[in-house]
Number of protein chains: 2
Amino acid sequence: MNPAATPQGVVAGSIPLFAGHPSLDLLPVDALQRVIAAAWQDSSVARFLNYGDEQGNPRLIDFLVERLNRRENLAISRENLMIIGGSTGGVGMIAQRLTTPGDAILVDAPSYRDALHIFRDHGLEMRSAPIDDDGIIVAELERNLRELAANGKTPRFYYVVPNFQNPSGIVMAVERRRAVIELSREYGFAIVEDDVYSDLRFKGDPLPSFYELAGGENVLRLGTFSKTLAPGLRIGWLIASAERITGFVESGLLRMGGGANPFSAAVVADYCRSGAWEAHIHWLRGQYRRRRDIALAALESCMPAGVEWTRPAGGYFIWLRLPPSAHVDALETRAKERGLYFASGKGIL
Amino acid sequence: MNPAATPQGVVAGSIPLFAGHPSLDLLPVDALQRVIAAAWQDSSVARFLNYGDEQGNPRLIDFLVERLNRRENLAISRENLMIIGGSTGGVGMIAQRLTTPGDAILVDAPSYRDALHIFRDHGLEMRSAPIDDDGIIVAELERNLRELAANGKTPRFYYVVPNFQNPSGIVMAVERRRAVIELSREYGFAIVEDDVYSDLRFKGDPLPSFYELAGGENVLRLGTFSKTLAPGLRIGWLIASAERITGFVESGLLRMGGGANPFSAAVVADYCRSGAWEAHIHWLRGQYRRRRDIALAALESCMPAGVEWTRPAGGYFIWLRLPPSAHVDALETRAKERGLYFASGKGIL
């Protein structure tokens, strides 16, 4: 195997801060090797090299259903969960199956750049409302809804990264979540909850998800192994109503290609069932907390007056607000010259 | 690992004849085990557990470009090829990026059921023309084109499985391919060449592909490792113009999730570069030829007068034509009771 290329335009050896990619030294390479080696001791391994169930690996589905019900106030069954190709696979599938070009959707400002890119590819009209440290400003969301309604439009869904958001690092407060759910019922839009960082909480208890708060009604919640195991395996999951899961599972894409990545999914299932995942998540939390502390200390000691930043309680992201006098383009150019790469808010605000 | 479920509605232990799924005993399980074990001896293995290049594994791209140029009359470069999640991933991507709901496309009758399902999911108007033993009847294709043109419509593309078609097993003759290419230039539609069975030719030389015959102009050609290696790895490739490949690579889906299945793709790259793939394809040809011979002999000895069938020179499929007096629904029900599963032409003719 040869090394994958360094991300586009990045000088080798520098640390790109612009993307939600784990550091290579945080991937449990040896544990995965052991799981895969053991898999080959099982005579049924060939089945996972063939096409798989459209809904995804059954053992991984059962593992996730049990884990989610045990850790959260949920009562989902296997009819509510399917395996997908990372949360990306879910966002793409939801955009393809739930919208047609010209449909409106609701997003945060700022929101996750690559998801917006997918929505743009699908020809969707994106209506954004600003966020503060507690998430979306509900009055602004409601203003968008009224404007859309005045034009006879109902948005298809509100897309949100509720925990440790990319790019801001903020967590949406419970009362905001409840308010959004109320609006979703009033105006009839779904909530797409891209919950990929919730396991990387450094302290305190996790907040109830949109899915839990809404009793599962009209919420599609995505999870992934990309942030807590290994992105290259391309495995995530979707929780939704049994009707929605059935609709997705019966799509042409899954009929033709079978469920998400059968071989990777079998590896992930074995890894999870060995107990290694929980231990790894625990270890990762410490690693990311330490890295966050270092980053915050560096900001504290180096940033000039007038710069503000978030102090995330989990996940990957710190979001800086520059004073009005700063020009982010010029700063980005100068930073790149020094081997520092960040993502600006252009195009996502 | 547990066995994947038997396909929906199929009695365990029977042989479903309705899908292009390889038999488990034809998957090179041991060779893949060796490749994966060797991969872990390489310190760069962690890179393939992270997000990968949007275009796909660079070494696999280079291997495929070299192989295609060597075996065919092609002069493609790495700008013309990207790695996808099986040919399914390519069909889905093409439908998503090249069409909007209501667009027309052209297909064979019969054509590959699951691809039609994907096109239906995208809201496409499918115009079909019948095939005979040499592929699509060009005059019928042209009639569709004239009718569409009369309504001011240009189809976005013609979708075809050119070699050992699913479900008929037929190969489209070269003169038909040339005629379709002429029409594609006259009417301005692309050709989507889903060429997943061409390596499974039992005798004779392969025919030049649409891609070759058209000099690469407006042809998107799909290939896959699903039929000649292992479907569960979900790896295929797309050949097209550099402009088209760039457009796909810059899509939101690939920006968000990275290229197709980095870990599987690295395994496939190592497997291919070991030389094992060519030897395995050679072995598979003999295996499938033998199975075809057995199936044809069984049809010869058991089928009543009035039933006709194709005698494919490669691939997976034999297509039976029943006399007008036969009722396929009743036959299907009775066959299932005996543990025999076939795909009828309903919905694809």
# chains A, B, ... in the order shown; residues from 1 in each chain; ligands from 1
>>> residues_around(residues="A:Gly345", least_positions_apart="4", cutoff="12 Å", atoms="only C-alpha atoms", output="PyMOL selection string")
chain A and resi 18+109-113+166-168+319-322+327-329+332+349
>>> write_last_selection(atoms="all heavy atoms", output="short mmCIF file (atom, residue, chain, number, x, y, z; two decimals), in the first residue's frame")
data_model
loop_
_atom_site.label_atom_id
_atom_site.label_comp_id
_atom_site.auth_asym_id
_atom_site.auth_seq_id
_atom_site.Cartn_x
_atom_site.Cartn_y
_atom_site.Cartn_z
N PHE A 18 -8.59 22.08 8.65
CA PHE A 18 -9.85 22.48 8.01
C PHE A 18 -10.87 21.36 7.86
O PHE A 18 -11.97 21.60 7.39
CB PHE A 18 -9.58 23.12 6.64
CG PHE A 18 -8.79 22.28 5.68
CD1 PHE A 18 -9.32 21.13 5.12
CD2 PHE A 18 -7.50 22.65 5.33
CE1 PHE A 18 -8.60 20.38 4.22
CE2 PHE A 18 -6.77 21.89 4.43
CZ PHE A 18 -7.32 20.76 3.88
N ALA A 109 -26.30 28.62 10.00
CA ALA A 109 -25.23 29.45 9.46
C ALA A 109 -24.29 29.81 10.62
O ALA A 109 -24.72 30.52 11.51
CB ALA A 109 -25.77 30.73 8.82
N PRO A 110 -23.07 29.28 10.65
CA PRO A 110 -22.49 28.39 9.65
C PRO A 110 -23.00 26.97 9.80
O PRO A 110 -23.46 26.58 10.86
CB PRO A 110 -20.99 28.45 9.98
CG PRO A 110 -20.96 28.66 11.46
CD PRO A 110 -22.12 29.56 11.75
N SER A 111 -22.87 26.20 8.70
CA SER A 111 -23.19 24.78 8.75
C SER A 111 -22.03 24.00 8.12
O SER A 111 -21.04 24.59 7.68
CB SER A 111 -24.50 24.51 8.02
OG SER A 111 -24.88 23.15 8.17
N TYR A 112 -22.21 22.71 8.07
CA TYR A 112 -21.13 21.83 7.59
C TYR A 112 -21.01 21.96 6.07
O TYR A 112 -21.92 21.62 5.32
CB TYR A 112 -21.45 20.40 8.01
CG TYR A 112 -20.55 19.33 7.47
CD1 TYR A 112 -19.21 19.56 7.23
CD2 TYR A 112 -21.05 18.06 7.20
CE1 TYR A 112 -18.38 18.57 6.73
CE2 TYR A 112 -20.24 17.05 6.72
CZ TYR A 112 -18.91 17.32 6.47
OH TYR A 112 -18.11 16.33 5.97
N ARG A 113 -19.86 22.45 5.65
CA ARG A 113 -19.63 22.82 4.25
C ARG A 113 -19.94 21.69 3.26
O ARG A 113 -20.58 21.91 2.23
CB ARG A 113 -18.16 23.24 4.09
CG ARG A 113 -17.76 23.69 2.69
CD ARG A 113 -16.27 24.02 2.65
NE ARG A 113 -15.91 24.99 3.66
CZ ARG A 113 -16.00 26.32 3.51
NH1 ARG A 113 -16.40 26.80 2.35
NH2 ARG A 113 -15.66 27.13 4.47
N ASN A 166 -19.72 20.87 13.25
CA ASN A 166 -18.75 21.30 12.24
C ASN A 166 -19.38 22.48 11.53
O ASN A 166 -20.45 22.34 10.93
CB ASN A 166 -18.51 20.14 11.24
CG ASN A 166 -17.53 20.51 10.14
OD1 ASN A 166 -17.19 21.67 9.95
ND2 ASN A 166 -17.07 19.50 9.41
N PRO A 167 -18.83 23.68 11.63
CA PRO A 167 -17.49 24.01 12.07
C PRO A 167 -17.38 24.68 13.43
O PRO A 167 -16.28 24.99 13.87
CB PRO A 167 -17.07 25.03 11.01
CG PRO A 167 -18.33 25.80 10.78
CD PRO A 167 -19.46 24.81 10.94
N SER A 168 -18.47 24.92 14.14
CA SER A 168 -18.41 25.81 15.30
C SER A 168 -18.02 25.12 16.60
O SER A 168 -17.58 25.77 17.55
CB SER A 168 -19.77 26.51 15.51
OG SER A 168 -20.72 25.56 15.95
N TRP A 319 -14.05 27.31 16.66
CA TRP A 319 -14.48 28.31 15.67
C TRP A 319 -14.04 29.68 16.14
O TRP A 319 -14.37 30.09 17.25
CB TRP A 319 -16.00 28.25 15.54
CG TRP A 319 -16.69 29.20 14.61
CD1 TRP A 319 -17.50 30.24 14.96
CD2 TRP A 319 -16.67 29.18 13.18
NE1 TRP A 319 -18.00 30.85 13.84
CE2 TRP A 319 -17.51 30.23 12.72
CE3 TRP A 319 -16.03 28.38 12.23
CZ2 TRP A 319 -17.72 30.50 11.37
CZ3 TRP A 319 -16.25 28.65 10.89
CH2 TRP A 319 -17.08 29.69 10.47
N LEU A 320 -13.27 30.37 15.34
CA LEU A 320 -12.76 31.69 15.70
C LEU A 320 -13.58 32.78 15.03
O LEU A 320 -13.94 32.66 13.85
CB LEU A 320 -11.30 31.85 15.28
CG LEU A 320 -10.25 31.18 16.18
CD1 LEU A 320 -10.26 29.68 16.05
CD2 LEU A 320 -8.87 31.75 15.89
N ARG A 321 -13.85 33.84 15.78
CA ARG A 321 -14.47 35.03 15.18
C ARG A 321 -13.44 36.14 15.21
O ARG A 321 -12.91 36.51 16.26
CB ARG A 321 -15.71 35.45 15.97
CG ARG A 321 -16.89 34.50 15.82
CD ARG A 321 -18.19 35.09 16.40
NE ARG A 321 -19.22 34.04 16.44
CZ ARG A 321 -19.33 33.14 17.44
NH1 ARG A 321 -18.49 33.17 18.47
NH2 ARG A 321 -20.29 32.23 17.39
N LEU A 322 -13.14 36.66 14.02
CA LEU A 322 -12.13 37.71 13.90
C LEU A 322 -12.78 39.08 14.04
O LEU A 322 -13.97 39.23 13.75
CB LEU A 322 -11.45 37.61 12.53
CG LEU A 322 -10.86 36.25 12.17
CD1 LEU A 322 -10.18 36.32 10.80
CD2 LEU A 322 -9.87 35.80 13.24
N HIS A 327 -9.06 40.60 7.55
CA HIS A 327 -9.45 40.09 6.23
C HIS A 327 -9.10 38.62 6.15
O HIS A 327 -7.92 38.26 6.12
CB HIS A 327 -8.76 40.89 5.12
CG HIS A 327 -9.15 42.32 5.11
ND1 HIS A 327 -10.39 42.75 4.69
CD2 HIS A 327 -8.48 43.43 5.52
CE1 HIS A 327 -10.46 44.06 4.81
NE2 HIS A 327 -9.32 44.50 5.32
N VAL A 328 -10.11 37.77 6.12
CA VAL A 328 -9.85 36.34 6.26
C VAL A 328 -9.09 35.77 5.06
O VAL A 328 -8.27 34.87 5.21
CB VAL A 328 -11.17 35.57 6.54
CG1 VAL A 328 -12.03 35.44 5.28
CG2 VAL A 328 -10.88 34.18 7.12
N ASP A 329 -9.33 36.32 3.87
CA ASP A 329 -8.60 35.83 2.69
C ASP A 329 -7.10 36.06 2.85
O ASP A 329 -6.28 35.17 2.62
CB ASP A 329 -9.08 36.55 1.42
CG ASP A 329 -10.43 36.04 0.96
OD1 ASP A 329 -10.86 34.98 1.47
OD2 ASP A 329 -11.04 36.70 0.10
N GLU A 332 -5.71 33.79 5.43
CA GLU A 332 -5.62 32.41 4.95
C GLU A 332 -4.36 32.23 4.10
O GLU A 332 -3.63 31.24 4.24
CB GLU A 332 -6.88 32.05 4.15
CG GLU A 332 -7.12 30.56 4.04
CD GLU A 332 -8.49 30.22 3.44
OE1 GLU A 332 -9.23 31.13 3.01
OE2 GLU A 332 -8.80 29.02 3.40
N LEU A 349 -21.79 30.84 5.64
CA LEU A 349 -22.41 31.79 6.59
C LEU A 349 -23.60 32.48 5.94
O LEU A 349 -23.64 32.64 4.74
CB LEU A 349 -21.36 32.82 7.02
CG LEU A 349 -20.47 32.40 8.16
CD1 LEU A 349 -19.36 33.42 8.36
CD2 LEU A 349 -21.27 32.28 9.46
#
>>> residues_around(residues="B:Arg292", least_positions_apart="2", cutoff="12 Å", atoms="only C-alpha atoms", output="MDAnalysis selection string")
chainID B and resid 169 200:202 284:290 294:299 310:319
>>> interface_residues(of="chain A", to="chain B", cutoff="7 Å", atoms="only C-alpha atoms", output="PyMOL selection string")
chain A and resi 1-5+21+24+27+29+39+42+44-53+88+92+114-115+117-118+121+230-234+252-253+255-257+261-263+266+270
>>> select_by_dssp(residues="stretch 168-342 of chain A", states="strand (DSSP E or B)", output="list in words")
Ala190, Ile191, Val192, Glu193, Asp194, Arg201, Val219, Leu220, Arg221, Leu222, Gly223, Thr224, Gly236, Trp237, Leu238, Ile239, Glu308, Trp309, Gly314, Leu320, Arg321, Leu340 and Tyr341 of chain A
>>> residues_around(residues="B:Asp108", least_positions_apart="4", cutoff="7 Å", atoms="only C-alpha atoms", output="list in words")
Ser128, Ala129, Pro130, Ile131, Ile136 and Val160 of chain B
>>> residues_around(residues="stretch 62-79 of chain A", least_positions_apart="6", cutoff="7 Å", atoms="only C-alpha atoms", output="PyMOL selection string")
chain A and resi 212+242+245
>>> select_by_dssp(residues="stretch 217-250 of chain A", states="alpha helix (DSSP H)", output="list in words")
Ala242, Glu243, Arg244, Ile245, Thr246, Gly247, Phe248 and Val249 of chain A
>>> write_last_selection(atoms="N, CA, C and O atoms", output="PDB file, in the first residue's frame")
ATOM      1  N   ALA A 242     -39.783   3.023  10.881  1.00  0.00           N
ATOM      2  CA  ALA A 242     -39.725   1.777  10.114  1.00  0.00           C
ATOM      3  C   ALA A 242     -40.141   2.019   8.663  1.00  0.00           C
ATOM      4  O   ALA A 242     -39.567   1.447   7.736  1.00  0.00           O
ATOM      5  N   GLU A 243     -41.120   2.903   8.454  1.00  0.00           N
ATOM      6  CA  GLU A 243     -41.589   3.187   7.097  1.00  0.00           C
ATOM      7  C   GLU A 243     -40.475   3.831   6.272  1.00  0.00           C
ATOM      8  O   GLU A 243     -40.246   3.465   5.121  1.00  0.00           O
ATOM      9  N   ARG A 244     -39.793   4.784   6.863  1.00  0.00           N
ATOM     10  CA  ARG A 244     -38.697   5.450   6.141  1.00  0.00           C
ATOM     11  C   ARG A 244     -37.580   4.443   5.841  1.00  0.00           C
ATOM     12  O   ARG A 244     -37.054   4.414   4.731  1.00  0.00           O
ATOM     13  N   ILE A 245     -37.198   3.637   6.833  1.00  0.00           N
ATOM     14  CA  ILE A 245     -36.115   2.658   6.615  1.00  0.00           C
ATOM     15  C   ILE A 245     -36.513   1.710   5.488  1.00  0.00           C
ATOM     16  O   ILE A 245     -35.718   1.440   4.578  1.00  0.00           O
ATOM     17  N   THR A 246     -37.746   1.226   5.513  1.00  0.00           N
ATOM     18  CA  THR A 246     -38.208   0.330   4.451  1.00  0.00           C
ATOM     19  C   THR A 246     -38.103   1.008   3.086  1.00  0.00           C
ATOM     20  O   THR A 246     -37.634   0.405   2.116  1.00  0.00           O
ATOM     21  N   GLY A 247     -38.517   2.249   3.027  1.00  0.00           N
ATOM     22  CA  GLY A 247     -38.445   2.983   1.762  1.00  0.00           C
ATOM     23  C   GLY A 247     -37.025   3.083   1.240  1.00  0.00           C
ATOM     24  O   GLY A 247     -36.757   2.866   0.057  1.00  0.00           O
ATOM     25  N   PHE A 248     -36.085   3.387   2.130  1.00  0.00           N
ATOM     26  CA  PHE A 248     -34.680   3.468   1.711  1.00  0.00           C
ATOM     27  C   PHE A 248     -34.158   2.100   1.270  1.00  0.00           C
ATOM     28  O   PHE A 248     -33.470   1.970   0.264  1.00  0.00           O
ATOM     29  N   VAL A 249     -34.473   1.080   2.064  1.00  0.00           N
ATOM     30  CA  VAL A 249     -33.949  -0.259   1.807  1.00  0.00           C
ATOM     31  C   VAL A 249     -34.442  -0.781   0.454  1.00  0.00           C
ATOM     32  O   VAL A 249     -33.747  -1.531  -0.227  1.00  0.00           O
TER      33      VAL A 249
END
>>> residues_around(residues="stretch 150-157 of chain A", least_positions_apart="4", cutoff="9 Å", atoms="only C-alpha atoms", output="number ranges by chain")
A: 98-99, 103-107, 125, 127, 145-146, 184, 187-192
>>> atom_distance(atom1="atom CA of B:Phe164", atom2="atom CA of A:Gln55")
29.0 Å
>>> residues_around(residues="B:Asp134", least_positions_apart="4", cutoff="10 Å", atoms="only C-alpha atoms", output="PyMOL selection string")
chain B and resi 162+170-177
>>> write_last_selection(atoms="all heavy atoms", output="PDB file, in the first residue's frame")
ATOM      1  N   PRO B 162     -23.332  -3.905 -22.457  1.00  0.00           N
ATOM      2  CA  PRO B 162     -23.033  -4.290 -23.839  1.00  0.00           C
ATOM      3  C   PRO B 162     -22.593  -5.743 -24.005  1.00  0.00           C
ATOM      4  O   PRO B 162     -22.748  -6.313 -25.081  1.00  0.00           O
ATOM      5  CB  PRO B 162     -21.888  -3.343 -24.227  1.00  0.00           C
ATOM      6  CG  PRO B 162     -21.198  -3.066 -22.930  1.00  0.00           C
ATOM      7  CD  PRO B 162     -22.288  -3.036 -21.889  1.00  0.00           C
ATOM      8  N   ILE B 170     -26.838 -11.628 -24.085  1.00  0.00           N
ATOM      9  CA  ILE B 170     -26.364 -11.327 -25.430  1.00  0.00           C
ATOM     10  C   ILE B 170     -25.268 -10.252 -25.403  1.00  0.00           C
ATOM     11  O   ILE B 170     -25.127  -9.490 -24.446  1.00  0.00           O
ATOM     12  CB  ILE B 170     -27.515 -10.892 -26.370  1.00  0.00           C
ATOM     13  CG1 ILE B 170     -28.036  -9.522 -25.978  1.00  0.00           C
ATOM     14  CG2 ILE B 170     -28.624 -11.906 -26.444  1.00  0.00           C
ATOM     15  CD1 ILE B 170     -27.677  -8.464 -26.967  1.00  0.00           C
ATOM     16  N   VAL B 171     -24.484 -10.237 -26.515  1.00  0.00           N
ATOM     17  CA  VAL B 171     -23.445  -9.234 -26.719  1.00  0.00           C
ATOM     18  C   VAL B 171     -23.901  -8.337 -27.860  1.00  0.00           C
ATOM     19  O   VAL B 171     -24.345  -8.842 -28.894  1.00  0.00           O
ATOM     20  CB  VAL B 171     -22.108  -9.910 -27.097  1.00  0.00           C
ATOM     21  CG1 VAL B 171     -21.058  -8.862 -27.486  1.00  0.00           C
ATOM     22  CG2 VAL B 171     -21.611 -10.778 -25.946  1.00  0.00           C
ATOM     23  N   MET B 172     -23.807  -7.036 -27.678  1.00  0.00           N
ATOM     24  CA  MET B 172     -24.210  -6.169 -28.779  1.00  0.00           C
ATOM     25  C   MET B 172     -23.152  -6.187 -29.876  1.00  0.00           C
ATOM     26  O   MET B 172     -21.960  -5.997 -29.607  1.00  0.00           O
ATOM     27  CB  MET B 172     -24.443  -4.730 -28.314  1.00  0.00           C
ATOM     28  CG  MET B 172     -25.150  -3.918 -29.411  1.00  0.00           C
ATOM     29  SD  MET B 172     -25.374  -2.181 -29.054  1.00  0.00           S
ATOM     30  CE  MET B 172     -26.398  -2.278 -27.626  1.00  0.00           C
ATOM     31  N   ALA B 173     -23.591  -6.405 -31.111  1.00  0.00           N
ATOM     32  CA  ALA B 173     -22.673  -6.482 -32.250  1.00  0.00           C
ATOM     33  C   ALA B 173     -21.993  -5.132 -32.493  1.00  0.00           C
ATOM     34  O   ALA B 173     -22.550  -4.076 -32.160  1.00  0.00           O
ATOM     35  CB  ALA B 173     -23.449  -6.907 -33.492  1.00  0.00           C
ATOM     36  N   VAL B 174     -20.798  -5.207 -33.099  1.00  0.00           N
ATOM     37  CA  VAL B 174     -20.020  -3.984 -33.314  1.00  0.00           C
ATOM     38  C   VAL B 174     -20.767  -2.989 -34.198  1.00  0.00           C
ATOM     39  O   VAL B 174     -20.779  -1.786 -33.923  1.00  0.00           O
ATOM     40  CB  VAL B 174     -18.642  -4.313 -33.935  1.00  0.00           C
ATOM     41  CG1 VAL B 174     -17.886  -3.027 -34.249  1.00  0.00           C
ATOM     42  CG2 VAL B 174     -17.828  -5.163 -32.984  1.00  0.00           C
ATOM     43  N   GLU B 175     -21.394  -3.497 -35.268  1.00  0.00           N
ATOM     44  CA  GLU B 175     -22.085  -2.557 -36.166  1.00  0.00           C
ATOM     45  C   GLU B 175     -23.233  -1.848 -35.453  1.00  0.00           C
ATOM     46  O   GLU B 175     -23.507  -0.678 -35.706  1.00  0.00           O
ATOM     47  CB  GLU B 175     -22.564  -3.254 -37.449  1.00  0.00           C
ATOM     48  CG  GLU B 175     -23.509  -4.411 -37.226  1.00  0.00           C
ATOM     49  CD  GLU B 175     -22.813  -5.772 -37.087  1.00  0.00           C
ATOM     50  OE1 GLU B 175     -21.651  -5.818 -36.574  1.00  0.00           O
ATOM     51  OE2 GLU B 175     -23.433  -6.775 -37.453  1.00  0.00           O
ATOM     52  N   ARG B 176     -23.873  -2.550 -34.515  1.00  0.00           N
ATOM     53  CA  ARG B 176     -24.928  -1.887 -33.725  1.00  0.00           C
ATOM     54  C   ARG B 176     -24.319  -0.796 -32.832  1.00  0.00           C
ATOM     55  O   ARG B 176     -24.883   0.279 -32.672  1.00  0.00           O
ATOM     56  CB  ARG B 176     -25.671  -2.899 -32.846  1.00  0.00           C
ATOM     57  CG  ARG B 176     -26.366  -4.021 -33.584  1.00  0.00           C
ATOM     58  CD  ARG B 176     -27.739  -3.628 -34.087  1.00  0.00           C
ATOM     59  NE  ARG B 176     -28.334  -4.713 -34.846  1.00  0.00           N
ATOM     60  CZ  ARG B 176     -29.198  -5.615 -34.360  1.00  0.00           C
ATOM     61  NH1 ARG B 176     -29.603  -5.539 -33.105  1.00  0.00           N
ATOM     62  NH2 ARG B 176     -29.679  -6.583 -35.125  1.00  0.00           N
ATOM     63  N   ARG B 177     -23.175  -1.151 -32.244  1.00  0.00           N
ATOM     64  CA  ARG B 177     -22.513  -0.148 -31.383  1.00  0.00           C
ATOM     65  C   ARG B 177     -22.193   1.110 -32.192  1.00  0.00           C
ATOM     66  O   ARG B 177     -22.441   2.230 -31.741  1.00  0.00           O
ATOM     67  CB  ARG B 177     -21.225  -0.732 -30.779  1.00  0.00           C
ATOM     68  CG  ARG B 177     -21.471  -1.962 -29.924  1.00  0.00           C
ATOM     69  CD  ARG B 177     -20.192  -2.500 -29.276  1.00  0.00           C
ATOM     70  NE  ARG B 177     -20.479  -3.801 -28.642  1.00  0.00           N
ATOM     71  CZ  ARG B 177     -19.884  -4.273 -27.563  1.00  0.00           C
ATOM     72  NH1 ARG B 177     -18.909  -3.594 -26.979  1.00  0.00           N
ATOM     73  NH2 ARG B 177     -20.219  -5.431 -27.052  1.00  0.00           N
TER      74      ARG B 177
END
>>> closest_residue(among="A:Ile61, A:Ala305, A:Val11, A:Ala95", to="A:Trp237", atoms="only C-alpha atoms")
A:Ile61
>>> atom_distance(atom1="atom CA of B:Trp277", atom2="atom CA of B:Glu217")
29.2 Å
>>> atom_distance(atom1="atom CA of A:Asp205", atom2="atom CA of A:Arg273")
24.1 Å
>>> closest_residue(among="B:Gly90, B:Gly223, B:Pro208, B:Gly216", to="B:Asp195", atoms="only C-alpha atoms")
B:Gly223
